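*Asks:* Take this structure first; my questions come after.
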Amino acid sequence: MSRPEFAAAEFSPADRELLDRASALVAANAPAPADLDLATAMEFVRISRAAPNAEFARAVAAAGTHSPRAGLKIGIVPGAFHREHKDTGAEGAVVRRILASLGYQTELIPVDSFGSLADNARTISEWVERQAPAPVILVSLSKGASDVRTALPRLSAPGRCRIAAWISLSGICTGTPLVDWLRRRPWRWWGVWLLLRWRGQRIDVLKELRHGPDAPLGQWSSLPSGLQVVHIHGFPLRRHLNHRWAAKAYARLAPLGPNDGGSVLLADVSRWPGIVVPLWGVDHYMQPRHDITSQLSRVFQVVVERCA
């Protein structure tokens, strides 16, 4: 198969064989198989070949020397528990280092570590409004995508959006079935309730992240005119999982299909508006055994260069 360069870091021989099988099945319009590895590979192939994603991949592969854009403001929206669990990468340290290498200063937007969608969206909106009239890019991690999604209506004026681009890494854009998984296990649910209460956080925030068409994040509204949206998302097999939390999440979501070893079903990713950058062999926490720094750097570069 033709593998987009930005998504093809370190395919093992077994990965190549699997992706070639998946490519043939996708070409034949075959249904998703029961085998989870093969189903994951098919999702990866479909998303890689979608015209907007493939065109973006070609631009990333062709990216050359980058000249920093003056006056650009980049806000980092961290993920859940970014203060309590530094090892997840939810605070965006890796992203900030990459952007610094491209010549950009970034600012961590001070959302609550596990704040409600409304509260965190208000914090994001107020930060963006303070940057005007400078062009703004938001980069979100994990739950930060839920917060940005909630903020978008406030950031949109008739015919104009207050942000030029939104880059989401491992975004929980449409909730997670793990909330329902917990609700079906009362002892675990109440254990989480006690932990959150001890931290001064609320179980209602977890409920906001439930999955399904009737959930707060269940339905996408139209994106603001002129907003560039890029979702960077991992497509791992079980053998690719690297973070210490990934294997449990992967197993819990496996009955529902391919997932990122964190919170997200990969079938959902294919339906999100915007460009999708699929990273093969990378789990939700984006800390794989191989180095993806150059891949991410080129993606950020292309996004910046496409900002109006």
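We label chains A, B, ... in the order they appear in the structure tokens, count residues from 1 in each chain, and number ligands from 1 in the order shown.
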Please identify all polymer residues within 8 Å of region 126-140 of chain A, counting only C-alpha atoms, omitting same-chain residues fewer than 6 positions from it, and present them as a PyMOL selection string.
*Replies:* chain A and resi 71-79+109+148+155+162-169+171
*Asks:* Please, which residues of region 113-303 of chain A, numbered as in this document, come out alpha helix (DSSP H) from DSSP, as an MDAnalysis selection string?
*Replies:* chainID A and resid 117:131 144:155 178:183 186:198 203:208 246:253 266:269 293:303
*Asks:* Please provide the set of residues having any atom within 12 Å of Val26 (chain A), restricted to only C-alpha atoms, with same-chain residues fewer than 5 positions apart removed, written as a PDB file with C-alpha atoms, in the first residue's frame.
*Replies:*
ATOM      1  CA  MET A   1       0.000   0.000   0.000  1.00  0.00           C
ATOM      2  CA  LEU A  19      -1.416  -3.340   6.449  1.00  0.00           C
ATOM      3  CA  ASP A  20      -1.087  -4.968   3.039  1.00  0.00           C
ATOM      4  CA  ARG A  21      -3.875  -7.404   3.962  1.00  0.00           C
ATOM      5  CA  PRO A  31     -16.741  -5.441   6.126  1.00  0.00           C
ATOM      6  CA  ALA A  32     -14.768  -5.010   9.322  1.00  0.00           C
ATOM      7  CA  PRO A  33     -13.444  -8.379  10.502  1.00  0.00           C
ATOM      8  CA  LEU A  38      -6.929  -6.394  11.154  1.00  0.00           C
ATOM      9  CA  ALA A  39      -9.904  -4.143  11.898  1.00  0.00           C
ATOM     10  CA  THR A  40      -7.521  -1.503  13.308  1.00  0.00           C
ATOM     11  CA  ALA A  41      -5.344  -1.709  10.204  1.00  0.00           C
ATOM     12  CA  MET A  42      -8.398  -1.299   7.967  1.00  0.00           C
ATOM     13  CA  GLU A  43      -9.471   1.839   9.858  1.00  0.00           C
ATOM     14  CA  PHE A  44      -5.952   3.197   9.440  1.00  0.00           C
ATOM     15  CA  VAL A  45      -5.945   2.493   5.688  1.00  0.00           C
ATOM     16  CA  ARG A  46      -9.379   4.058   5.151  1.00  0.00           C
ATOM     17  CA  ILE A  47      -8.474   7.226   7.010  1.00  0.00           C
ATOM     18  CA  SER A  48      -5.056   7.498   5.358  1.00  0.00           C
ATOM     19  CA  ARG A  49      -6.646   7.225   1.899  1.00  0.00           C
ATOM     20  CA  ALA A  50      -9.470   9.718   2.458  1.00  0.00           C
TER      21      ALA A  50
END
*Asks:* Region 44-145 of chain A near region 203-206 of chain A within 8 Å: what's each residue's closest atom pair and its distance in Å to one decimal, counting only C-alpha atoms, ordered by chain then ascending residue number, as a tab-separated table?
*Replies:*
residue	atom	partner	partner_atom	distance
A:Phe114	CA	A:Val205	CA	7.2
A:Gly115	CA	A:Val205	CA	6.7
A:Ser116	CA	A:Val205	CA	5.1
A:Leu117	CA	A:Val205	CA	7.3
*Asks:* Give me, as a PyMOL selection string, the residues of region 13-120 of chain A that a backbone DSSP run labels strand (DSSP E).
*Replies:* chain A and resi 73-77+106-108
*Asks:* Any chance you could export the current selection's all heavy atoms as a CSV table (one decimal), in the first residue's frame?
*Replies:*
chain,number,residue,atom,x,y,z
A,73,LYS,N,0.0,33.6,18.1
A,73,LYS,CA,-0.2,33.2,19.5
A,73,LYS,C,-0.6,31.7,19.5
A,73,LYS,O,-1.6,31.4,18.8
A,73,LYS,CB,-1.2,34.0,20.2
A,73,LYS,CG,-0.9,35.5,20.2
A,73,LYS,CD,0.2,35.8,21.2
A,73,LYS,CE,0.4,37.3,21.4
A,73,LYS,NZ,1.4,37.7,22.4
A,74,ILE,N,0.1,30.9,20.3
A,74,ILE,CA,-0.3,29.5,20.4
A,74,ILE,C,-0.6,29.1,21.8
A,74,ILE,O,0.2,29.3,22.7
A,74,ILE,CB,0.9,28.6,19.9
A,74,ILE,CG1,1.2,28.9,18.4
A,74,ILE,CG2,0.5,27.1,20.0
A,74,ILE,CD1,2.3,28.1,17.8
A,75,GLY,N,-1.8,28.7,22.0
A,75,GLY,CA,-2.3,28.3,23.4
A,75,GLY,C,-2.4,26.8,23.5
A,75,GLY,O,-3.0,26.2,22.6
A,76,ILE,N,-1.9,26.2,24.5
A,76,ILE,CA,-1.9,24.8,24.8
A,76,ILE,C,-3.0,24.5,25.8
A,76,ILE,O,-3.1,25.1,26.9
A,76,ILE,CB,-0.6,24.3,25.3
A,76,ILE,CG1,0.6,24.7,24.5
A,76,ILE,CG2,-0.7,22.8,25.5
A,76,ILE,CD1,0.6,24.2,23.1
A,77,VAL,N,-4.0,23.7,25.4
A,77,VAL,CA,-5.1,23.3,26.2
A,77,VAL,C,-4.8,21.9,26.8
A,77,VAL,O,-4.9,20.9,26.0
A,77,VAL,CB,-6.5,23.3,25.5
A,77,VAL,CG1,-7.6,22.9,26.5
A,77,VAL,CG2,-6.7,24.6,24.8
A,106,THR,N,4.8,29.4,23.4
A,106,THR,CA,3.5,28.9,23.6
A,106,THR,C,3.1,29.3,25.1
A,106,THR,O,3.9,29.6,25.9
A,106,THR,CB,3.4,27.4,23.5
A,106,THR,OG1,4.3,26.8,24.4
A,106,THR,CG2,3.7,26.9,22.1
A,107,GLU,N,1.8,29.3,25.3
A,107,GLU,CA,1.3,29.6,26.6
A,107,GLU,C,0.3,28.5,27.0
A,107,GLU,O,-0.6,28.1,26.2
A,107,GLU,CB,0.6,30.9,26.7
A,107,GLU,CG,0.1,31.3,28.1
A,107,GLU,CD,-0.4,32.7,28.1
A,107,GLU,OE1,-0.1,33.5,27.2
A,107,GLU,OE2,-1.2,33.0,29.0
A,108,LEU,N,0.5,27.9,28.3
A,108,LEU,CA,-0.4,26.9,28.8
A,108,LEU,C,-1.7,27.6,29.3
A,108,LEU,O,-1.6,28.5,30.2
A,108,LEU,CB,0.2,26.2,29.9
A,108,LEU,CG,-0.5,24.9,30.3
A,108,LEU,CD1,-0.4,23.8,29.2
A,108,LEU,CD2,0.2,24.3,31.6
*Asks:* Determine, counting only C-alpha atoms, which protein, DNA and RNA residues have an atom within 6 Å of an atom of Ala121 (chain A); residues of the same chain fewer than 4 positions away are not included. Present the result as a PyMOL selection string.
*Replies:* chain A and resi 117+147+150-151
*Asks:* Return the single residue from A:Gly191, A:Gln219, A:Ala24, A:Tyr104 that is closest to His66 (chain A), with distances computed using only C-alpha atoms.
*Replies:*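 Closest to His66 (chain A) of all the choices is A:Tyr104.
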